[in-house]
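Before any comments, here is the structure.
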Amino acid sequence: MRTKALGAVAVALAGLLTLAACGSNSSSGSSSSTGGSGGGGGNGTVGVILPETATSARWEGFDRPMLQKAFKAQGFDADIQNAQGDVQKFSTLADGMIAKGVKVLVIASINSEVGTAVANKAKKAGIPTIDYDRLNLGGSSDYYVSFDNVGVGQLQGQGLATALKDKPGAQVIEIEGAPTDNNATLFHDGQEKVLKPLYDSGALKLVHSQPIDEWDNQKGGQVFEQLLTGNGGKVDGVVAANDGLAGAIITVLKKNGLNGKVPVTGQDATADGLKAILRGDQYMTVFKPIQDEADAAAKLASALVKGDKASADALATAVSKDTKGNRDVKSVLLTPHLVTKAEVKQVVDQGYIKASDLCSGDVSAACGQLGIS
């Protein structure tokens, strides 16, 4: 789709975009959410299990075709499947891939429990495992490929702090990702690096911070509405851990005549999130290089298929702490980027969303002003 989020966009925009919220999103080359995907030559088969589509359109719209492209470039076949949010299906897919004898297993798990169980099964079968996008706490995967997720949260915090810089004592509500998703924890940690000093000094006032089980957008909107009502209908800024939650929050703000007046953060640069930014209803999102993530996973897998652990280690130059397993996991951590209205054109220019898909209806004028066509 726990996300939950950062630098100049111009640094590495080639291949940048994450799609992690519900809503209509587009990407060329997306395929069926249940079928497998062939890769390139027959030098070895890699199994890839994606988590779901209900709360996050990125997995089928972007990760699947980009992983397919990345593995093809490495000359390997990739069997890419989606568990559709079903823990049992995730396990069953893994069992099938292990039984088939995949050389490497790449898992973007639904939660750490199922991810850990799958990694342990693969390890017993002698199959290296790569945690993709989400680190499985307490797990045994050999490598981890993701983004600097603390950095994602820092960008979200920086975005909100910038938006509220001229409003001392502004009241803030935080709607965070799933507590079972380590990414959501890291996003919040990053936000705290920026926002906690402001809360402590009184520059901003934290009304409440609430994680949302399963990144459920509808639940996130309901919780936000309850918090808003409980605070007398007052809020000056909202930390939303991703664009899906941001969209649900904006719906509530509209009901109360507050949309466009209250800055809302996001993450994933989804089509809906970008449209909300163009409308002025959302202040910022976080743009993440999924193609870079897919390429890194494919290169790691390629080295492991060949039994070249030295090359894999040379790629994974960062380290992530598995706090539950008390171990360091060799990692590839990529750089996320902050996107406000001024940067939306650069997202389109890189081809991750078509101007025709973005610039329809009530955002057409904004697109024209920004030169998006």
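Residues are named by chain letter and number: chains run A, B, ... in the order of the structure tokens, numbers start at 1 in each chain, and ligands are numbered from 1 in the order shown.
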
Q.
Using only C-alpha atoms, which protein or nucleic acid residues come within 12 Å of segment 212-216 of chain A? Drop anything in the same chain fewer than 5 positions from it, and give the result as a PyMOL selection string.
A. chain A and resi 1-4+20-22+51-56+85-86+110-111+174-181+183-185+221-224+240-249

Q.
Please return, as a ChimeraX atom specification, all residues of segment 92-202 of chain A that DSSP assigns to helix (DSSP H, G or I) on the basis of the backbone.
A. /A:92-100,112-124,149-163,182-201

Q: Just the residues within 7 Å of segment 101-106 of chain A, please, counting only C-alpha atoms, with nothing from its chain fewer than 3 positions along; format it as a count of residues only.
A: 16

Q: Have a look at atom CA of Lys354 of chain A and atom CA of Phe62 of chain A and let me know their distance in Å, one decimal.
A: 13.5 Å

Q) In terms of the shortest atom-to-atom distance over only C-alpha atoms, which of A:Thr162, A:Asn149, A:Ser364, A:Gln156 is closest to Thr285 of chain A? A)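 Comparing A:Thr162, A:Asn149, A:Ser364, A:Gln156 against Thr285 of chain A, the winner is A:Gln156.
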
Q | Between atom CA of Val239 of chain A and atom CA of Ile353 of chain A, distance in Å (one decimal) | A |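 Going from atom CA of Val239 of chain A over to atom CA of Ile353 of chain A covers 24.5 Å.
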
(Q) Taking only C-alpha atoms into account, name the residue in A:Gln210, A:Gln171, A:Gln226, A:Ser146 that is nearest to Pro263 of chain A. (A)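 Nearest candidate to Pro263 of chain A out of A:Gln210, A:Gln171, A:Gln226, A:Ser146: A:Gln171.
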
**Q.** Nearest candidate to Phe287 of chain A (options A:Phe187, A:Ser201, A:Asp322, A:Phe147; using only C-alpha atoms)
**A.**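 Among A:Phe187, A:Ser201, A:Asp322, A:Phe147, it is A:Phe147 that comes nearest to Phe287 of chain A.
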
Q: Figure out the distance between atom CA of Gly159 of chain A and atom CA of Ala297 of chain A, please, to one decimal in Å.
A: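 So the two atoms, atom CA of Ala297 of chain A and atom CA of Gly159 of chain A, lie 29.5 Å apart.
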
**Q.** Non-local contacts of Asp63 of chain A (7 Å; only C-alpha atoms; under 4 positions in same chain excluded) as a ChimeraX atom specification
**A.** /A:58-59,67,290,294

Could you save the residues just selected, with N, CA and C atoms, as a compact mmCIF listing (two decimals), in the first residue's frame?
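Full text of part39.txt as output:
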# COMPACT_ATOMS: atom_id res chain seq x y z
N ARG A 58 -0.22 0.49 -5.63
CA ARG A 58 1.14 0.47 -6.17
C ARG A 58 1.58 -0.92 -6.57
N TRP A 59 1.16 -1.94 -5.84
CA TRP A 59 1.73 -3.28 -6.03
C TRP A 59 1.48 -3.83 -7.41
N LEU A 67 9.13 -4.83 -11.47
CA LEU A 67 9.89 -6.02 -11.11
C LEU A 67 10.06 -6.93 -12.32
N ILE A 290 10.27 3.49 -7.18
CA ILE A 290 9.94 2.07 -7.21
C ILE A 290 10.78 1.31 -8.24
N ALA A 294 12.83 -1.96 -7.45
CA ALA A 294 12.71 -3.20 -8.21
C ALA A 294 14.06 -3.62 -8.79
